[in-house]
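Trainee: Contents are mmCIF, C-alpha atoms; file name start33.cif:
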data_data
#
loop_
_atom_site.label_atom_id
_atom_site.label_comp_id
_atom_site.auth_asym_id
_atom_site.auth_seq_id
_atom_site.Cartn_x
_atom_site.Cartn_y
_atom_site.Cartn_z
CA MET A 6 23.51 13.50 -3.26
CA SER A 7 25.75 11.47 -0.96
CA THR A 8 28.87 9.71 -2.20
CA PRO A 9 29.56 6.10 -1.12
CA ALA A 10 32.23 7.44 1.23
CA ASP A 11 29.65 9.71 2.90
CA LEU A 12 27.42 6.72 3.55
CA LEU A 13 30.01 4.65 5.41
CA PRO A 14 29.61 6.20 8.88
CA PHE A 15 25.83 5.81 8.59
CA LEU A 16 26.01 2.20 7.40
CA ARG A 17 28.55 1.23 10.05
CA GLN A 18 26.13 1.97 12.89
CA LEU A 19 23.21 0.02 11.41
CA ARG A 20 22.32 -3.30 13.05
CA LEU A 21 22.28 -5.03 9.70
CA PHE A 22 25.91 -4.26 8.99
CA THR A 23 27.62 -4.43 12.38
CA ALA A 24 29.48 -7.61 11.41
CA PHE A 25 30.61 -6.27 8.04
CA ALA A 26 34.29 -5.77 7.26
CA GLU A 27 35.19 -2.30 5.99
CA THR A 28 35.77 -3.58 2.45
CA ASP A 29 32.35 -5.29 2.36
CA LEU A 30 30.71 -2.15 3.64
CA ALA A 31 32.48 0.02 1.09
CA ALA A 32 31.46 -2.36 -1.71
CA LEU A 33 27.87 -2.30 -0.50
CA ALA A 34 27.81 1.51 -0.21
CA GLN A 35 28.63 1.75 -3.90
CA ARG A 36 25.59 -0.29 -4.82
CA LEU A 37 23.06 1.63 -2.72
CA ARG A 38 20.85 4.14 -4.48
CA GLU A 39 19.70 7.25 -2.65
CA ARG A 40 15.99 8.13 -2.82
CA VAL A 41 14.52 11.35 -1.47
CA LEU A 42 10.82 11.70 -0.65
CA ARG A 43 8.90 14.83 0.18
CA LYS A 44 6.53 14.80 3.14
CA ASN A 45 3.31 12.88 2.27
CA GLN A 46 4.85 11.36 -0.88
CA VAL A 47 3.99 7.71 -1.46
CA LEU A 48 6.97 5.46 -2.14
CA PHE A 49 4.92 2.42 -3.12
CA ARG A 50 1.43 1.08 -2.62
CA GLU A 51 0.10 -2.17 -1.31
CA GLY A 52 0.04 -4.64 -4.23
CA ASP A 53 2.78 -2.92 -6.27
CA PRO A 54 5.61 -5.10 -7.52
CA GLY A 55 8.98 -4.50 -5.93
CA ASP A 56 12.46 -5.89 -5.55
CA GLU A 57 14.15 -3.38 -3.29
CA MET A 58 14.47 -2.84 0.41
CA PHE A 59 15.08 0.58 1.91
CA LEU A 60 17.21 1.88 4.75
CA VAL A 61 15.95 5.08 6.37
CA ARG A 62 18.72 7.61 6.61
CA ARG A 63 16.68 10.65 7.59
CA GLY A 64 13.03 11.24 8.48
CA ALA A 65 10.26 8.74 9.03
CA VAL A 66 7.83 6.76 6.91
CA LEU A 67 4.42 5.36 7.74
CA VAL A 68 3.47 1.79 6.89
CA SER A 69 -0.25 1.43 6.26
CA LYS A 70 -2.76 -1.07 4.94
CA VAL A 71 -6.17 -0.35 3.43
CA VAL A 72 -9.07 -1.00 5.79
CA LYS A 73 -11.93 0.51 3.82
CA GLY A 74 -12.16 3.08 1.02
CA ARG A 75 -9.73 5.87 1.83
CA VAL A 76 -9.12 4.72 5.35
CA GLU A 77 -5.95 2.80 6.12
CA GLN A 78 -4.62 1.44 9.36
CA VAL A 79 -1.18 2.67 10.35
CA LEU A 80 0.80 -0.48 11.08
CA ASN A 81 4.14 0.99 11.86
CA ARG A 82 6.30 4.07 11.82
CA ILE A 83 9.84 3.52 10.59
CA GLY A 84 12.49 6.04 11.50
CA PRO A 85 16.21 6.64 11.03
CA ASP A 86 18.50 3.57 11.03
CA GLU A 87 15.58 1.20 10.44
CA PHE A 88 14.66 -0.62 7.25
CA PHE A 89 11.58 -1.80 5.38
CA GLY A 90 10.51 -3.41 2.10
CA GLU A 91 12.59 -6.54 2.68
CA MET A 92 9.66 -8.95 2.18
CA SER A 93 9.30 -8.25 -1.54
CA LEU A 94 13.07 -8.24 -1.90
CA LEU A 95 13.32 -11.72 -0.41
CA ASP A 96 10.28 -13.52 -1.78
CA GLY A 97 9.39 -11.45 -4.84
CA SER A 98 5.78 -11.02 -3.67
CA PRO A 99 3.89 -7.76 -4.24
CA ARG A 100 4.23 -5.06 -1.61
CA SER A 101 2.23 -6.01 1.45
CA ALA A 102 1.57 -2.44 2.60
CA THR A 103 1.78 1.17 1.47
CA ILE A 104 4.71 3.33 2.44
CA GLN A 105 4.45 7.11 2.61
CA ALA A 106 6.71 9.79 3.98
CA GLU A 107 5.58 11.25 7.27
CA THR A 108 8.32 13.87 7.02
CA ASP A 109 10.88 14.67 4.33
CA VAL A 110 12.81 11.44 4.01
CA THR A 111 16.12 10.21 2.66
CA LEU A 112 16.31 6.50 1.90
CA LEU A 113 18.92 4.13 0.58
CA ALA A 114 17.65 1.40 -1.72
CA LEU A 115 19.20 -2.04 -1.91
CA ASP A 116 17.95 -4.10 -4.85
CA ARG A 117 17.96 -7.85 -5.47
CA THR A 118 20.92 -7.75 -7.87
CA SER A 119 23.02 -6.04 -5.21
CA LEU A 120 21.91 -8.51 -2.58
CA ASN A 121 22.79 -11.45 -4.84
CA HIS A 122 26.13 -9.83 -5.53
CA LEU A 123 26.75 -9.54 -1.79
CA ILE A 124 25.91 -13.23 -1.31
CA GLU A 125 28.32 -14.25 -4.09
CA VAL A 126 31.21 -11.98 -3.22
CA SER A 127 31.01 -11.91 0.59
CA PRO A 128 29.03 -14.89 1.90
CA HIS A 129 30.22 -14.23 5.45
CA ALA A 130 28.90 -10.66 5.37
CA ALA A 131 25.68 -11.86 3.74
CA ALA A 132 25.16 -14.42 6.52
CA ALA A 133 25.66 -11.71 9.16
CA PHE A 134 23.22 -9.49 7.29
CA PHE A 135 20.52 -12.17 7.23
CA TYR A 136 21.13 -13.09 10.87
CA ALA A 137 20.64 -9.47 11.94
CA MET A 138 17.57 -9.30 9.76
CA VAL A 139 16.02 -12.34 11.45
CA HIS A 140 16.48 -10.62 14.83
CA VAL A 141 14.57 -7.61 13.57
CA PHE A 142 11.86 -9.90 12.16
CA ILE A 143 11.42 -11.49 15.58
CA GLU A 144 11.06 -8.09 17.21
CA ARG A 145 8.51 -7.06 14.61
CA LEU A 146 6.57 -10.29 15.04
CA ARG A 147 6.34 -9.65 18.79
CA LYS A 148 5.15 -6.12 18.14
CA SER A 149 2.54 -7.34 15.67
CA ASP A 150 1.21 -9.78 18.30
CA VAL A 151 0.78 -6.86 20.67
CA ARG A 152 -0.88 -4.83 17.93
CA LEU A 153 -3.31 -7.64 17.19
CA THR A 154 -4.39 -7.96 20.81
CA GLU A 155 -4.70 -4.17 21.04
CA ALA A 156 -6.98 -4.15 17.99
CA THR A 157 -9.12 -6.86 19.58
CA ARG A 158 -9.25 -4.90 22.83
CA TRP A 159 -10.26 -1.82 20.85
CA GLY A 160 -13.15 -3.74 19.30
CA LEU A 161 -14.33 -5.08 22.65
CA GLU A 162 -14.10 -1.69 24.34
CA ALA A 163 -15.77 0.18 21.47
CA THR A 164 -18.72 -2.19 21.30
CA GLY A 165 -19.03 -2.66 25.04
CA LEU A 166 -19.33 -6.37 24.38
CA ASP A 167 -19.45 -8.30 27.63
CA VAL A 168 -17.52 -11.46 26.85
CA GLU A 169 -16.64 -12.44 30.43
CA SER A 170 -20.17 -13.22 31.52
CA ARG A 171 -21.23 -15.10 28.39
CA MET B 26 -5.77 -3.99 43.05
CA THR B 27 -5.29 -4.22 39.30
CA GLU B 28 -5.11 -0.97 37.41
CA ARG B 29 -7.49 -0.58 34.51
CA PRO B 30 -5.49 -0.25 31.24
CA ALA B 31 -5.77 2.92 29.20
CA PRO B 32 -8.36 2.72 26.42
CA ALA B 33 -6.99 1.02 23.32
CA LYS B 34 -6.18 3.26 20.36
CA LEU B 35 -6.13 2.73 16.63
CA GLU B 36 -4.07 4.88 14.35
CA LEU B 37 -5.81 5.49 11.04
CA LEU B 38 -4.62 7.21 7.92
CA VAL B 39 -7.29 8.98 5.89
CA ARG B 40 -6.41 9.95 2.32
CA ARG B 41 -7.56 13.19 0.73
CA ASP B 42 -8.17 13.87 -2.98
CA ASP B 43 -4.83 15.59 -3.49
CA GLU B 44 -2.81 12.53 -2.40
CA SER B 45 -2.07 14.05 0.99
CA PHE B 46 -3.37 12.37 4.14
CA ASP B 47 -4.29 12.84 7.78
CA VAL B 48 -3.27 10.52 10.56
CA ARG B 49 -5.90 10.21 13.28
CA GLU B 50 -5.68 8.40 16.57
CA ILE B 51 -9.05 6.97 17.52
CA GLY B 52 -9.56 5.80 21.07
CA SER B 53 -11.93 2.93 21.79
CA SER B 54 -13.84 5.29 24.07
CA LEU B 55 -14.72 7.43 21.07
CA GLY B 56 -15.97 4.36 19.23
CA TYR B 57 -18.02 3.45 22.30
CA ILE B 58 -19.70 6.81 22.80
CA GLN B 59 -20.54 6.99 19.12
CA SER B 60 -22.10 3.53 19.05
CA ARG B 61 -25.89 3.35 18.74
CA PRO B 62 -27.34 0.58 20.85
CA GLN B 63 -30.60 -0.84 19.60
CA ARG B 64 -33.17 -2.71 21.61
CA ILE B 65 -34.83 -5.75 20.06
CA ALA B 66 -37.96 -5.29 17.91
CA ASP B 67 -41.12 -4.01 19.61
CA GLY B 68 -42.94 -7.36 19.75
CA GLY B 69 -39.91 -9.04 21.33
CA PHE B 70 -40.22 -7.49 24.80
CA GLU B 71 -42.76 -6.28 27.29
CA ILE B 72 -42.29 -3.62 29.93
CA SER B 73 -44.57 -2.95 32.85
CA GLU B 74 -44.39 -0.86 36.01
CA VAL B 75 -43.94 -2.52 39.37
CA LYS B 76 -46.03 -1.12 42.16
CA SER B 77 -43.64 0.08 44.79
CA ARG B 78 -44.45 0.71 48.43
CA VAL B 79 -41.63 3.23 48.69
CA ALA B 80 -43.02 6.59 47.70
CA GLY B 81 -41.27 8.28 44.79
CA GLU B 82 -39.41 5.19 43.58
CA GLN B 83 -40.53 3.80 40.29
CA SER B 84 -39.29 0.52 38.87
CA PHE B 85 -40.13 -1.59 35.87
CA ILE B 86 -40.02 -5.17 34.78
CA LEU B 87 -38.62 -5.73 31.32
CA LYS B 88 -39.31 -9.15 29.87
CA ASN B 89 -37.72 -10.76 26.84
CA GLU B 90 -40.65 -12.60 25.21
CA ALA B 91 -38.37 -15.06 23.41
CA THR B 92 -36.16 -16.12 26.31
CA GLU B 93 -38.66 -15.41 29.12
CA ARG B 94 -35.91 -13.57 31.00
CA PHE B 95 -36.82 -10.66 33.27
CA LEU B 96 -34.89 -7.56 34.21
CA LEU B 97 -35.72 -5.09 36.91
CA LEU B 98 -35.12 -1.55 35.75
CA ALA B 99 -35.05 1.60 37.83
CA GLU B 100 -36.79 4.62 36.33
CA PRO B 101 -33.53 6.20 35.02
CA GLU B 102 -32.66 2.87 33.40
CA LYS B 103 -36.06 2.79 31.68
CA PHE B 104 -35.36 6.31 30.46
CA LEU B 105 -32.11 5.06 28.89
CA TRP B 106 -33.76 1.91 27.50
CA GLU B 107 -36.35 3.99 25.67
CA ARG B 108 -33.58 5.89 23.89
CA MET B 109 -31.80 2.77 22.65
CA ASP B 110 -33.46 2.94 19.25
CA GLY B 111 -30.39 2.30 17.08
CA LYS B 112 -30.38 5.94 15.96
CA THR B 113 -29.29 7.70 19.14
CA SER B 114 -25.63 7.50 20.07
CA LEU B 115 -24.49 6.78 23.62
CA GLN B 116 -23.16 10.33 23.75
CA GLU B 117 -26.63 11.69 22.94
CA ILE B 118 -28.24 9.30 25.41
CA ALA B 119 -25.85 10.45 28.14
CA THR B 120 -26.60 14.11 27.32
CA ALA B 121 -30.34 13.43 27.53
CA TYR B 122 -29.77 11.71 30.89
CA VAL B 123 -27.91 14.72 32.31
CA LEU B 124 -30.59 17.10 31.06
CA ARG B 125 -33.30 14.98 32.67
CA TYR B 126 -31.69 14.13 36.01
CA GLY B 127 -29.17 16.94 36.37
CA GLU B 128 -26.34 14.51 37.16
CA PHE B 129 -24.50 11.68 35.54
CA ASP B 130 -23.39 8.38 36.93
CA PHE B 131 -20.62 7.18 34.62
CA ASP B 132 -21.32 3.53 35.24
CA VAL B 133 -25.06 3.57 34.69
CA ILE B 134 -24.93 3.20 30.89
CA PRO B 135 -22.24 0.48 30.62
CA ASN B 136 -23.89 -1.46 33.46
CA LEU B 137 -27.29 -1.28 31.80
CA ILE B 138 -25.84 -2.29 28.43
CA ARG B 139 -24.18 -5.31 30.04
CA LYS B 140 -27.45 -6.32 31.70
CA LEU B 141 -29.39 -5.90 28.46
CA GLN B 142 -26.82 -7.84 26.46
CA ARG B 143 -26.96 -10.71 28.93
CA ALA B 144 -30.74 -10.75 28.69
CA GLN B 145 -30.47 -10.61 24.89
CA LEU B 146 -32.48 -7.43 24.77
CA LEU B 147 -30.06 -5.53 22.57
CA THR B 148 -29.45 -6.35 18.97
CA LEU B 149 -26.55 -5.64 16.67
CA THR B 150 -28.12 -4.38 13.48
CA PRO B 151 -26.37 -3.44 10.25
CA ARG B 152 -25.98 0.30 9.65
CA SER B 153 -27.35 0.63 6.13
CA ARG B 154 -31.10 0.47 5.55
CA LEU B 155 -30.70 -1.91 2.62
CA ARG B 156 -28.66 -4.22 4.87
CA GLN B 157 -31.35 -4.01 7.57
CA VAL B 158 -34.08 -4.98 5.08
CA LEU B 159 -31.95 -7.84 3.77
CA ALA B 160 -31.21 -9.03 7.31
CA ARG B 161 -34.93 -9.06 8.14
CA ASN B 162 -35.74 -11.21 5.10
CA ARG B 163 -32.73 -13.46 5.25
CA ARG B 164 -34.87 -16.58 5.17
CA GLN B 165 -35.69 -16.03 1.52
CA ARG B 166 -33.12 -17.59 -0.76
CA VAL B 167 -33.01 -14.68 -3.22
CA VAL B 168 -32.43 -12.20 -0.39
CA LYS B 169 -29.70 -14.39 1.05
CA ALA B 170 -28.04 -14.50 -2.40
CA VAL B 171 -28.25 -10.71 -2.74
CA GLU B 172 -26.73 -10.31 0.71
CA THR B 173 -23.88 -12.67 -0.14
CA THR B 174 -23.27 -10.82 -3.41
CA LEU B 175 -23.24 -7.47 -1.58
CA THR B 176 -20.75 -8.77 0.94
CA GLY B 177 -18.58 -10.02 -1.91
CA LEU B 178 -18.79 -6.66 -3.68
CA GLU B 179 -17.88 -4.82 -0.49
CA ARG B 180 -14.68 -6.83 -0.34
CA VAL B 181 -13.70 -5.94 -3.90
CA ASN B 182 -10.98 -3.35 -3.84
CA ILE B 183 -10.50 -1.46 -7.06
CA SER B 184 -7.25 0.42 -7.36
CA SER B 185 -5.39 1.95 -10.24
CA ARG B 186 -1.70 2.40 -10.48
CA ASP B 187 0.03 5.27 -12.22
CA VAL B 188 -3.32 6.64 -13.34
CA GLN B 189 -2.20 10.17 -12.60
CA ARG B 190 0.93 9.75 -14.70
CA PHE B 191 -1.17 8.29 -17.54
CA PHE B 192 -3.51 11.29 -17.60
CA GLN B 193 -0.60 13.70 -17.27
CA ARG B 194 0.92 12.15 -20.40
CA LEU B 195 -2.45 12.19 -22.19
CA HIS B 196 -2.84 15.86 -21.31
CA ARG B 197 0.67 16.70 -22.47
CA TRP B 198 0.31 14.90 -25.81
CA GLY B 199 -2.84 16.63 -27.03
CA GLY B 200 -5.42 16.20 -24.26
CA PHE B 201 -4.95 19.82 -23.24
CA LEU B 202 -6.65 20.87 -26.55
CA LEU B 203 -9.95 19.74 -25.06
CA PHE B 204 -9.67 22.47 -22.44
CA THR B 205 -9.16 25.40 -24.81
CA ARG B 206 -11.72 27.97 -25.94
CA ALA B 207 -11.55 26.64 -29.49
CA ALA B 208 -12.52 23.17 -28.23
CA ALA B 209 -15.40 24.63 -26.21
CA VAL B 210 -16.66 26.55 -29.28
CA GLY B 211 -16.26 23.39 -31.39
CA CYS B 212 -18.29 21.35 -28.86
CA LEU B 213 -20.98 24.04 -28.83
CA ALA B 214 -21.12 24.08 -32.63
CA LEU B 215 -21.40 20.27 -32.69
CA ALA B 216 -24.22 20.44 -30.15
CA VAL B 217 -26.08 23.02 -32.30
CA VAL B 218 -25.60 20.93 -35.45
CA GLY B 219 -26.81 17.86 -33.55
CA GLY B 220 -29.86 19.74 -32.30
CA VAL B 221 -30.73 21.01 -35.80
CA ALA B 222 -30.29 17.50 -37.22
CA ALA B 223 -32.56 16.07 -34.52
CA VAL B 224 -35.28 18.63 -35.30
CA ALA B 225 -34.97 17.91 -39.03
CA LEU B 226 -35.21 14.17 -38.42
CA TRP B 227 -38.22 14.65 -36.17
CA ARG B 228 -40.02 16.54 -38.94
CA GLU B 229 -39.27 13.76 -41.41
CA LEU B 230 -40.43 11.06 -39.02
CA ASP B 231 -43.99 11.09 -40.43
CA ASP B 232 -42.63 10.64 -43.94
CA VAL B 233 -40.59 7.66 -42.80
CA PHE B 234 -43.57 5.94 -41.16
CA SER B 235 -45.92 6.68 -44.03
CA GLY B 236 -43.35 5.19 -46.40
#
Written as C-alpha cells, how would this file's structure read?

Mentor:
Amino acid sequence: MSTPADLLPFLRQLRLFTAFAETDLAALAQRLRERVLRKNQVLFREGDPGDEMFLVRRGAVLVSKVVKGRVEQVLNRIGPDEFFGEMSLLDGSPRSATIQAETDVTLLALDRTSLNHLIEVSPHAAAAFFYAMVHVFIERLRKSDVRLTEATRWGLEATGLDVESR
Amino acid sequence: MTERPAPAKLELLVRRDDESFDVREIGSSLGYIQSRPQRIADGGFEISEVKSRVAGEQSFILKNEATERFLLLAEPEKFLWERMDGKTSLQEIATAYVLRYGEFDFDVIPNLIRKLQRAQLLTLTPRSRLRQVLARNRRQRVVKAVETTLTGLERVNISSRDVQRFFQRLHRWGGFLLFTRAAAVGCLALAVVGGVAAVALWRELDDVFSG
C-alpha cells in the first residue's frame, strides 16, 4: 500500500494536476484511496451507481458497453497516467460503461467528498483541475467521433452495401 | 491515386461464465465473407439464356419482375446467383466458385452483389425463422403487433448486481446444507413418501368419487 508521500511523484506528472501547488497536491494525496484489481476483475458495471473517479497508476483497464447478450463493444483502453469514471463523479448519473482490468491494475480513487473539499479549500487548484479535465474531454470527444465513423464504415464494408450509386 | 483504407475493425469483449472474458478484433472483411446474400423470392425474377454467336460463351438475362429491370449475367455470375439463397455464406460461395472454375477473381463477387443490389434483386432478410415468417405476414395487424413486441423484448436487458455475493452469503449461512449427503438422503426420503402418498390417494380416488 502506498503512502501519500509515495504518490506525490506520480501525481505531479499527471495532466490533471500540473498546475497544483505542492501543498494542494499533498493534501489531495491524503484523500486518494488505492484500489488494486486483478486481471479480468470488473471494477464496476454499466448502470451501477458511483461517485468516484479513478486515476490509473499501473496497468490498463478496458471500457466496454453491452451490445447484445454477453457481447460488449470495447470503447476504450485506459492506461497509466489516465483517468476514468469522472462522469458519475460530476453528474451523479449511473455508470455509463463497464470497467474491467485488462492486466493487474493499481488505481487511485477520488470521491465526491474529496473533490468538494478541494473546491472549498483550494479553488485555484480546483479550477486548474477542471480546465485540464475539459481538455481531456475534448480529446475523447474527437476520438469518439472517429470511432463512430469507423463503426459506420465497418457496417458498410461488412454488408457490402453500395450507398454511392443509390 | 487514393489509397484504399484498411478494413475497419471492431473490438468486442465476449464474457465467459466464470466472469473472465475474451477480447476479439473483428475486421469488416470477416463480417463480409460470413454474410449470406439472398436473392428475392422465386416469383420475383425470371432468368433466361441468351443465344450467343460466340461459341463457348454463355450469358443470361435476369429480370426483376417488379421493377422490370434487366441484368446481363455471364455464366460464372449465374453460378454465383444460384448460390445466393440466404443460407450460403460468401466464403462458401467463393469456395464453390474456385472448385468449379479453378480460379478466383476477387472482384467478381462484390461487383455482382453491387449490380444485384442496384437492380433490387437481393433482399435483406432477418436471420431467425420466426422473424422471417413475421416479416412475410407483416400486413396482418396481429403479426405486426407480435413483431413490435418481439423487438421490444429484444431490447430489454436484464442484469443482476451482486448476485454472486448474495448466493455466496446464502451458501455460507446454511445453503451449503442442501449439498450434503444428509440433504440428498432427506430429499430421496421425501420423494419416496410423496410417491407412496400419491399411490394411496390414487387408490382412494374411487371412494372419493362414489362419495

Trainee: If you take all atoms listed in the file and a cut-off of 8 Å, which residues of chain A touch chain B, and what are their nearest atom pairs and distances in Å to one decimal, in chain and number order, as a Markdown table?

Mentor:
| residue | atom | partner | partner_atom | distance |
| --- | --- | --- | --- | --- |
| A:Asn45 | CA | B:Ser45 | CA | 5.7 |
| A:Gln46 | CA | B:Ser45 | CA | 7.7 |
| A:Ser69 | CA | B:Leu38 | CA | 7.4 |
| A:Arg75 | CA | B:Arg40 | CA | 5.3 |
| A:Val76 | CA | B:Val39 | CA | 4.7 |
| A:Glu77 | CA | B:Leu38 | CA | 4.9 |
| A:Gln78 | CA | B:Leu37 | CA | 4.5 |
| A:Val79 | CA | B:Glu36 | CA | 5.4 |
| A:Leu80 | CA | B:Glu36 | CA | 7.9 |
| A:Glu155 | CA | B:Ala33 | CA | 6.1 |
| A:Ala156 | CA | B:Leu35 | CA | 7.1 |
| A:Arg158 | CA | B:Ala33 | CA | 6.4 |
| A:Trp159 | CA | B:Ala33 | CA | 5.0 |
| A:Gly160 | CA | B:Ser53 | CA | 7.2 |
| A:Glu162 | CA | B:Ser53 | CA | 5.7 |
| A:Ala163 | CA | B:Tyr57 | CA | 4.1 |
| A:Thr164 | CA | B:Tyr57 | CA | 5.8 |
| A:Gly165 | CA | B:Tyr57 | CA | 6.8 |
| A:Leu166 | CA | B:Arg139 | CA | 7.5 |
| A:Asp167 | CA | B:Arg139 | CA | 6.1 |
| A:Ser170 | CA | B:Arg143 | CA | 7.7 |
| A:Arg171 | CA | B:Arg143 | CA | 7.2 |

Trainee: Deliver the residues from the most recent selection as a file, using C-alpha atoms, as a compact mmCIF listing (two decimals), in the coordinates of the input.

Mentor:
# COMPACT_ATOMS: atom_id res chain seq x y z
CA ASN A 45 3.31 12.88 2.27
CA GLN A 46 4.85 11.36 -0.88
CA SER A 69 -0.25 1.43 6.26
CA ARG A 75 -9.73 5.87 1.83
CA VAL A 76 -9.12 4.72 5.35
CA GLU A 77 -5.95 2.80 6.12
CA GLN A 78 -4.62 1.44 9.36
CA VAL A 79 -1.18 2.67 10.35
CA LEU A 80 0.80 -0.48 11.08
CA GLU A 155 -4.70 -4.17 21.04
CA ALA A 156 -6.98 -4.15 17.99
CA ARG A 158 -9.25 -4.90 22.83
CA TRP A 159 -10.26 -1.82 20.85
CA GLY A 160 -13.15 -3.74 19.30
CA GLU A 162 -14.10 -1.69 24.34
CA ALA A 163 -15.77 0.18 21.47
CA THR A 164 -18.72 -2.19 21.30
CA GLY A 165 -19.03 -2.66 25.04
CA LEU A 166 -19.33 -6.37 24.38
CA ASP A 167 -19.45 -8.30 27.63
CA SER A 170 -20.17 -13.22 31.52
CA ARG A 171 -21.23 -15.10 28.39

Trainee: Given the PyMOL selection byres ((chain A and resi 105-116) around 6) and the file above, list the residues it selects as a list in words.

Mentor: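 Applying the expression gives Leu37, Arg38, Glu39, Arg40, Val41, Leu42, Arg43, Lys44, Asn45, Gln46, Val47, Leu48, Asp56, Glu57, Met58, Phe59, Leu60, Val61, Arg62, Arg63, Gly64, Ala65, Val66, Leu67, Ile104, Arg117, Thr118 and Ser119 of chain A.
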
Trainee: May I ask for the distance between CA of Arg164 in chain B and CA of Glu93 in chain B, given in Å to one decimal place?

Mentor: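 One can read the CA of Arg164 in chain B to CA of Glu93 in chain B distance as 24.3 Å.
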
Trainee: Expressed in Å to a single decimal, how great is the separation between CA of Gly177 in chain B and CA of Thr157 in chain A?

Mentor: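 Distance between the two atoms: 23.7 Å.
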
Trainee: Given the file above and the PyMOL selection byres ((chain A and resi 54) around 8), which residues are selected, and can you give them as a PDB file with C-alpha atoms, keeping the file's coordinate frame?

Mentor:
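What follows is the written file selection-v4.pdb:
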ATOM      1  CA  GLY A  52       0.040  -4.640  -4.230  1.00  0.00           C
ATOM      2  CA  ASP A  53       2.780  -2.920  -6.270  1.00  0.00           C
ATOM      3  CA  GLY A  55       8.980  -4.500  -5.930  1.00  0.00           C
ATOM      4  CA  ASP A  56      12.460  -5.890  -5.550  1.00  0.00           C
ATOM      5  CA  SER A  93       9.300  -8.250  -1.540  1.00  0.00           C
ATOM      6  CA  GLY A  97       9.390 -11.450  -4.840  1.00  0.00           C
ATOM      7  CA  SER A  98       5.780 -11.020  -3.670  1.00  0.00           C
ATOM      8  CA  PRO A  99       3.890  -7.760  -4.240  1.00  0.00           C
ATOM      9  CA  ARG A 100       4.230  -5.060  -1.610  1.00  0.00           C
TER      10      ARG A 100
END

Trainee: Can you measure CA of Gln63 in chain B to CA of Ile134 in chain B for me? One decimal in Å is fine.

Mentor: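 Taking CA of Gln63 in chain B as the start and CA of Ile134 in chain B as the end point, the length is 13.3 Å.
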
Trainee: Run the PyMOL selection byres ((chain A and resi 134-137) around 8) against the file shown and list the residues it catches, as a list in words.

Mentor: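 What the PyMOL selection byres ((chain A and resi 134-137) around 8) grabs from the file is Arg20, Leu21, Phe22, Ala24, Ala130, Ala131, Ala132, Ala133, Met138, Val139, His140 and Val141 of chain A.
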
Trainee: Measuring atom to atom with only C-alpha atoms, identify which of A:Val71, A:Leu33, A:Val126, A:Ile83 is nearest to Thr103 in chain A.

Mentor: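 Closest to Thr103 in chain A, using only C-alpha atoms: A:Val71.
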
Trainee: Nearest to Phe25 in chain A among A:Leu94, A:Ser127, A:Asp11, A:Val168, with distances taken over all atoms listed in the file: which residue is it?

Mentor: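 Result for the nearest residue to Phe25 in chain A: A:Ser127.
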
Trainee: If we count only C-alpha atoms, what is near Ala119 in chain B at a cut-off of 9 Å, once residues fewer than 3 positions away on the same chain are taken out, given as number ranges by chain?

Mentor: B: 58, 105, 114-116, 122-124, 129, 131, 134

Trainee: Could you check which of B:Arg94, B:Glu100, B:Thr113, B:Val188 is closest to Glu74 in chain B, using only C-alpha atoms?

Mentor: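 Using only C-alpha atoms, the shortest distance to Glu74 in chain B belongs to B:Glu100.
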